[in-house]
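*Asks:* For reference, the structure I am asking about is given below.
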Amino acid sequence: MTETTKTPVPDAVPTPPPAPRGLIPLPAAAARALLLAGGIATAASAFLAWTWTAEFPGDLTINGYPGGLQWLTFTAGVLTALFALASYGVRGLGWLLPARNNAPLALTALGGFAVTWFTVIAISANLGGVVNLEPGGWIAAIASLLPVLGAFALPQERTGTDGTKEAIKAYIAKPDRIPGAQAIAPWIQRAVITVVTIIGLGVFTYGIDTEYGELFIGYLFVVTFAMWAVHTAGLMDRFSALVAANRSFTLAMGFAAAIAFPFTQTDDHYANIGVNILIFGTVALGLNIVVGLAGLLDLGYVAFLGVGAYTAALVSGSEFSTISGVHLPFWASALAGAAASLVFGVLIGAPTLRLRGDYLAIVTLGFGEIFRIAVNNMDGDSGPDVTNGPNGIANIPDLNFFGFNFGQAHDIGGFTLGRFANYYLLMVLIMAIVVLVYTRAADSRIGRSWIAIREDETAATAMGINGFRVKLVAFALGASLAGLAGTVSAHVTYSVVPTPYQFAGSTPPNSAFLLAAVVLGGMGTVAGPLLGAALLYLLPEKLVFLQEKSLLAFGIALILLMRFRPEGIIANRRRQLEFHETGQLDVPKQTTLTDEPAVTKAGA
């Protein structure tokens, strides 16, 4: 018998996966060229006249010089062109795309498209039709569409994002562990933080200085899409790593920028907006202790602001105060307002904090309404004569520190600081104190107890944490911070009346807006509630034509936020992991203790 040999069958050659393609069938090279050309064309179109009449705000009738909303189109076009050049690998621009993905290209292109088409539509609507558009307006509309087509012709899958934060932090903190890596010099890190702080101050100043609603809407379009692009590009991760390595310097730069703000203003009205944002933000930060750290839903928190304001009004020497002859210095009235709010927080919290969830929310909502009704009826007729009822306490005198009258304008270094600028600087000092209290409390043993109670009160109690005492401390501390802000609010507004201290209204502060500021900005963070407060105060202030529908617009915005970014604009890392599955956004894949990929049920 002859032995037969089997001819080996060659292994099948695996078919390579198809190259990723975009939504629009265009070669990648052509798409990138269209994106770059469209960004440049969008920026250049801002130098053309878009309409023939100056009746539209901003004067878009001049050839050769942008005006109003055209500056925003120019900015969006430049950002689009820069990201497009970075995608080509142009030397010196590679740092713009550390994640090596195409999402930032699409987002900057959408920002330019949104602001340009909004302007074109606003011109047509305000002036009575598209006939009011000059050829420059049509050119701008077409030019802003080109980069959108180019961006969506590129594949939009996320690449290179897993582990980006960890790699960047290791690069900054321990560069010797990465072969070939060079240490980032500390002075370079601080220089980057300084530049970003200056840019942030400029962007905020421009937004608060916008003179009409259309310009503010365009500003929101550009800033929103630009920040979204920066985040998806991985630049936020890099900056977060720098901040983590230079926390003290970053905090100092933040307060330096806040102090510099009134020196950038020529109109004291904008300083008035700034001081009210700081008051609103301080109260929101106090609520963040209750809601963000301890997980207690408080729907009547604005009442503590009112307690502090009324206490300060009664003891600050107003001629309408029912406590005649009492005129305490500000430090004493501030301590009195904070102490009164703390006492009310303990009195309300002691019998109610054994409740949980919806029941606690209903009780706190009732307390807020009881406070407003009570101060409205303490007029000497319906109740004791304490608060002058609906008329409130008026003519609260301005503060006076060692001869420095806050109600008068002062010249400092060639700059004139008006009344509201003086109070703004005072609120910056108070904000620094509040941030210090918040951070120290959050990082302390009691702060860890709050987080444990928020995550699982039953488990925390089983581990030996006194849940009732811990929650009462959070309630009292949050109330005292709100009362401290209320003492300044009373002097800024000259009077205190019951109307603002309600659950919901068209303008802040009220309990609904305070809670929304915490949720919108990001629960459990310091910067989140401040950003949320700034947005929620500026929107009603700038979008006057939406005041009657502000709650509708606000509700729609919250729905969209909860759908796409439920952890808030500035996310707490723990909450980001809770709200998103592995692979979404920038959440890294979960691994075992040996850094091996975790086994899923499907692959077990």
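Chains: A, B, ... in order of the structure tokens. Residues: from 1 per chain. Ligands: from 1, in order shown.
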Excluding range 442-454 of chain A and any residue of its chain fewer than 2 positions from it, enumerate the residues within 8 Å of it, using only C-alpha atoms, and give them as a PyMOL selection string.
*Replies:* chain A and resi 293-296+438-440+456-458+460-461+465+467+470-471+474
*Asks:* Fewer than 6 positions away in the same chain doesn't count, so skip those; otherwise give me all residues within 12 Å of Asp411 in chain A, counting only C-alpha atoms, as a PDB file with all heavy atoms, in the first residue's frame.
*Replies:*
ATOM      1  N   PHE A 263     -12.199  95.809  35.866  1.00  0.00           N
ATOM      2  CA  PHE A 263     -11.278  96.751  35.235  1.00  0.00           C
ATOM      3  C   PHE A 263     -11.361  96.694  33.709  1.00  0.00           C
ATOM      4  O   PHE A 263     -10.785  97.541  33.031  1.00  0.00           O
ATOM      5  CB  PHE A 263      -9.846  96.466  35.691  1.00  0.00           C
ATOM      6  CG  PHE A 263      -9.618  96.697  37.154  1.00  0.00           C
ATOM      7  CD1 PHE A 263      -9.703  95.638  38.057  1.00  0.00           C
ATOM      8  CD2 PHE A 263      -9.348  97.957  37.648  1.00  0.00           C
ATOM      9  CE1 PHE A 263      -9.506  95.839  39.413  1.00  0.00           C
ATOM     10  CE2 PHE A 263      -9.149  98.180  39.003  1.00  0.00           C
ATOM     11  CZ  PHE A 263      -9.233  97.116  39.890  1.00  0.00           C
ATOM     12  N   PHE A 404     -13.973 103.622  53.168  1.00  0.00           N
ATOM     13  CA  PHE A 404     -14.215 103.257  51.770  1.00  0.00           C
ATOM     14  C   PHE A 404     -15.706 103.015  51.590  1.00  0.00           C
ATOM     15  O   PHE A 404     -16.248 102.018  52.041  1.00  0.00           O
ATOM     16  CB  PHE A 404     -13.421 102.002  51.394  1.00  0.00           C
ATOM     17  CG  PHE A 404     -13.513 101.638  49.931  1.00  0.00           C
ATOM     18  CD1 PHE A 404     -12.588 102.122  49.023  1.00  0.00           C
ATOM     19  CD2 PHE A 404     -14.533 100.817  49.466  1.00  0.00           C
ATOM     20  CE1 PHE A 404     -12.664 101.788  47.682  1.00  0.00           C
ATOM     21  CE2 PHE A 404     -14.619 100.480  48.131  1.00  0.00           C
ATOM     22  CZ  PHE A 404     -13.684 100.964  47.235  1.00  0.00           C
ATOM     23  N   LEU A 417     -13.953 102.632  39.322  1.00  0.00           N
ATOM     24  CA  LEU A 417     -14.810 101.551  39.789  1.00  0.00           C
ATOM     25  C   LEU A 417     -16.072 102.147  40.372  1.00  0.00           C
ATOM     26  O   LEU A 417     -16.027 102.910  41.328  1.00  0.00           O
ATOM     27  CB  LEU A 417     -14.087 100.717  40.848  1.00  0.00           C
ATOM     28  CG  LEU A 417     -12.820  99.977  40.398  1.00  0.00           C
ATOM     29  CD1 LEU A 417     -12.238  99.191  41.559  1.00  0.00           C
ATOM     30  CD2 LEU A 417     -13.114  99.060  39.229  1.00  0.00           C
ATOM     31  N   GLY A 418     -17.209 101.803  39.773  1.00  0.00           N
ATOM     32  CA  GLY A 418     -18.488 102.304  40.249  1.00  0.00           C
ATOM     33  C   GLY A 418     -19.012 101.494  41.425  1.00  0.00           C
ATOM     34  O   GLY A 418     -18.337 100.614  41.975  1.00  0.00           O
ATOM     35  N   ARG A 419     -20.245 101.791  41.793  1.00  0.00           N
ATOM     36  CA  ARG A 419     -20.845 101.148  42.968  1.00  0.00           C
ATOM     37  C   ARG A 419     -20.897  99.634  42.823  1.00  0.00           C
ATOM     38  O   ARG A 419     -20.498  98.897  43.726  1.00  0.00           O
ATOM     39  CB  ARG A 419     -22.263 101.703  43.167  1.00  0.00           C
ATOM     40  CG  ARG A 419     -23.025 101.035  44.309  1.00  0.00           C
ATOM     41  CD  ARG A 419     -24.408 101.636  44.475  1.00  0.00           C
ATOM     42  NE  ARG A 419     -25.091 101.043  45.619  1.00  0.00           N
ATOM     43  CZ  ARG A 419     -25.843  99.954  45.549  1.00  0.00           C
ATOM     44  NH1 ARG A 419     -26.015  99.350  44.377  1.00  0.00           N
ATOM     45  NH2 ARG A 419     -26.429  99.466  46.635  1.00  0.00           N
ATOM     46  N   ALA A 421     -19.188  97.708  40.840  1.00  0.00           N
ATOM     47  CA  ALA A 421     -17.845  97.130  40.772  1.00  0.00           C
ATOM     48  C   ALA A 421     -17.270  96.940  42.174  1.00  0.00           C
ATOM     49  O   ALA A 421     -16.573  95.952  42.444  1.00  0.00           O
ATOM     50  CB  ALA A 421     -16.932  98.012  39.923  1.00  0.00           C
ATOM     51  N   ASN A 422     -17.559  97.884  43.072  1.00  0.00           N
ATOM     52  CA  ASN A 422     -17.095  97.743  44.456  1.00  0.00           C
ATOM     53  C   ASN A 422     -17.701  96.507  45.111  1.00  0.00           C
ATOM     54  O   ASN A 422     -17.006  95.719  45.768  1.00  0.00           O
ATOM     55  CB  ASN A 422     -17.462  98.989  45.264  1.00  0.00           C
ATOM     56  CG  ASN A 422     -16.791 100.246  44.734  1.00  0.00           C
ATOM     57  OD1 ASN A 422     -15.701 100.190  44.173  1.00  0.00           O
ATOM     58  ND2 ASN A 422     -17.447 101.385  44.909  1.00  0.00           N
TER      59      ASN A 422
END
*Asks:* Quick one: residues within 9 Å of Ala516 in chain A, only C-alpha atoms, excluding same-chain residues fewer than 6 positions away - as an MDAnalysis selection string?
*Replies:* chainID A and resid 529 532:533 536 558
*Asks:* Restricting the output to N, CA and C atoms, write the selected residues as a compact mmCIF listing (two decimals), in the first residue's frame.
*Replies:*
# COMPACT_ATOMS: atom_id res chain seq x y z
N PRO A 529 -21.42 74.62 39.38
CA PRO A 529 -22.50 75.53 39.77
C PRO A 529 -22.23 76.98 39.41
N GLY A 532 -23.05 77.18 35.74
CA GLY A 532 -24.51 77.09 35.59
C GLY A 532 -25.22 78.36 36.01
N ALA A 533 -24.76 78.96 37.12
CA ALA A 533 -25.36 80.21 37.58
C ALA A 533 -25.13 81.33 36.57
N LEU A 536 -27.53 80.73 33.55
CA LEU A 536 -28.94 80.93 33.86
C LEU A 536 -29.26 82.38 34.20
N LEU A 558 -32.94 71.87 29.35
CA LEU A 558 -32.66 70.85 30.36
C LEU A 558 -32.92 69.45 29.82
*Asks:* Any idea what's packed within 8 Å of range 28-34 of chain A, counting only C-alpha atoms, ignoring anything in its chain fewer than 6 positions away? Could you give it as an mmCIF file with C-alpha atoms, in the first residue's frame?
*Replies:*
data_model
loop_
_atom_site.group_PDB
_atom_site.id
_atom_site.type_symbol
_atom_site.label_atom_id
_atom_site.label_comp_id
_atom_site.auth_asym_id
_atom_site.auth_seq_id
_atom_site.Cartn_x
_atom_site.Cartn_y
_atom_site.Cartn_z
ATOM 1 C CA ALA A 84 -8.350 71.452 9.240
ATOM 2 C CA LEU A 146 -18.867 73.946 2.426
ATOM 3 C CA PRO A 147 -16.898 72.935 5.560
ATOM 4 C CA LEU A 149 -20.097 69.000 3.730
ATOM 5 C CA GLY A 150 -16.355 68.365 3.924
ATOM 6 C CA ALA A 151 -16.486 67.436 7.618
ATOM 7 C CA ALA A 153 -17.550 63.331 4.276
ATOM 8 C CA LEU A 154 -14.818 62.279 6.727
#
*Asks:* Counting only C-alpha atoms, which residues of range 282-334 of chain A fall within 8 Å of range 478-482 of chain A, and what is the closest atom pair for each with its distance in Å at one decimal, ordered by chain and rising number, as JSON lines?
*Replies:*
{"residue": "A:Thr282", "atom": "CA", "partner": "A:Ala482", "partner_atom": "CA", "distance": 7.0}
{"residue": "A:Val283", "atom": "CA", "partner": "A:Ala482", "partner_atom": "CA", "distance": 4.7}
{"residue": "A:Gly286", "atom": "CA", "partner": "A:Gly478", "partner_atom": "CA", "distance": 4.4}
{"residue": "A:Leu287", "atom": "CA", "partner": "A:Gly478", "partner_atom": "CA", "distance": 5.7}
{"residue": "A:Asn288", "atom": "CA", "partner": "A:Gly478", "partner_atom": "CA", "distance": 7.8}
{"residue": "A:Ile289", "atom": "CA", "partner": "A:Gly478", "partner_atom": "CA", "distance": 6.0}
{"residue": "A:Val290", "atom": "CA", "partner": "A:Gly478", "partner_atom": "CA", "distance": 6.3}
{"residue": "A:Tyr301", "atom": "CA", "partner": "A:Ala479", "partner_atom": "CA", "distance": 7.5}
{"residue": "A:Val302", "atom": "CA", "partner": "A:Ala482", "partner_atom": "CA", "distance": 7.9}
{"residue": "A:Phe304", "atom": "CA", "partner": "A:Ala479", "partner_atom": "CA", "distance": 5.6}
{"residue": "A:Leu305", "atom": "CA", "partner": "A:Ala482", "partner_atom": "CA", "distance": 4.9}
{"residue": "A:Gly308", "atom": "CA", "partner": "A:Ala482", "partner_atom": "CA", "distance": 7.2}
*Asks:* Quick one: everything within 8 Å of Gly213 in chain A, counting only C-alpha atoms, minus sequence neighbours fewer than 3 positions away in the same chain. Send it as number ranges by chain.
*Replies:* A: 210, 216-217, 542-545
*Asks:* If you run DSSP on the backbone, which residues of range 209-397 of chain A are alpha helix (DSSP H), as number ranges by chain?
*Replies:* A: 209, 213-233, 235-245, 247-260, 268-288, 302-315, 330-352, 357-377
*Asks:* Rank A:Leu242, A:Phe371, A:Val90, A:Gly292 by their smallest atom-to-atom distance to Met523 in chain A, using only C-alpha atoms, and report the top residue only.
*Replies:*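 The answer is A:Gly292, which sits nearest to Met523 in chain A.
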*Asks:* Rounded to one decimal place, report the CA of Ser316 in chain A-CA of Phe402 in chain A distance in Å.
*Replies:*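 Rounded to one decimal, the two atoms are 16.1 Å apart.
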*Asks:* From the list A:Asp398, A:Glu567, A:Glu369, A:Glu541, which residue is nearest Ala490 in chain A when using only C-alpha atoms?
*Replies:*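 Closest candidate: A:Asp398.
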*Asks:* What is the CA of Pro57 in chain A to CA of Ile198 in chain A distance in Å?
*Replies:*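 Straight-line distance from CA of Pro57 in chain A to CA of Ile198 in chain A works out to 28.1 Å.
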*Asks:* Could you give me, as a list in words, the residues within 12 Å of Thr264 in chain A, counting only C-alpha atoms and dropping anything in the same chain fewer than 3 positions from it?
*Replies:*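 Contacts, in chain order: Ile198, Leu201, Gly202, Phe204, Thr205, Tyr206, Ile208, Asp209, Ala257, Ala258, Ile259, Ala260, Phe261, Asp267, Asp268, Tyr270, Ala271, Gly274, Phe415, Thr416, Leu417 and Ala421 of chain A.
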*Asks:* Measuring atom to atom with only C-alpha atoms, identify which of A:Leu215, A:Ala553, A:Val496, A:Leu477 is nearest to Leu72 in chain A.
*Replies:*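 For Leu72 in chain A, the nearest of the given residues is A:Leu215.
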*Asks:* Would you mind listing what lies within 12 Å of Gly568 in chain A as a list of chain:residue names, with only C-alpha atoms counted and same-chain residues fewer than 6 positions away left out?
*Replies:*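 Near neighbours after the sequence-gap exclusion: A:Gly292, A:Ala516, A:Ala517, A:Val518, A:Val519, A:Leu520, A:Gly521, A:Gly522, A:Met523, A:Gly524, A:Thr525, A:Ala527, A:Gly528, A:Pro529, A:Leu531, A:Gly532, A:Ala557, A:Leu558, A:Ile559, A:Leu560, A:Leu561, A:Met562, A:Arg575, A:Gln576, A:Phe579.
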*Asks:* Separation of CA of Phe330 in chain A and CA of Gly300 in chain A, in Å?
*Replies:*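 Computed distance, CA of Phe330 in chain A to CA of Gly300 in chain A, equals 26.4 Å.
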*Asks:* Let's see if you can do this: from backbone DSSP, list all strand (DSSP E) residues in range 231-409 of chain A, as a ChimeraX atom specification.
*Replies:* /A:400-401,404-405
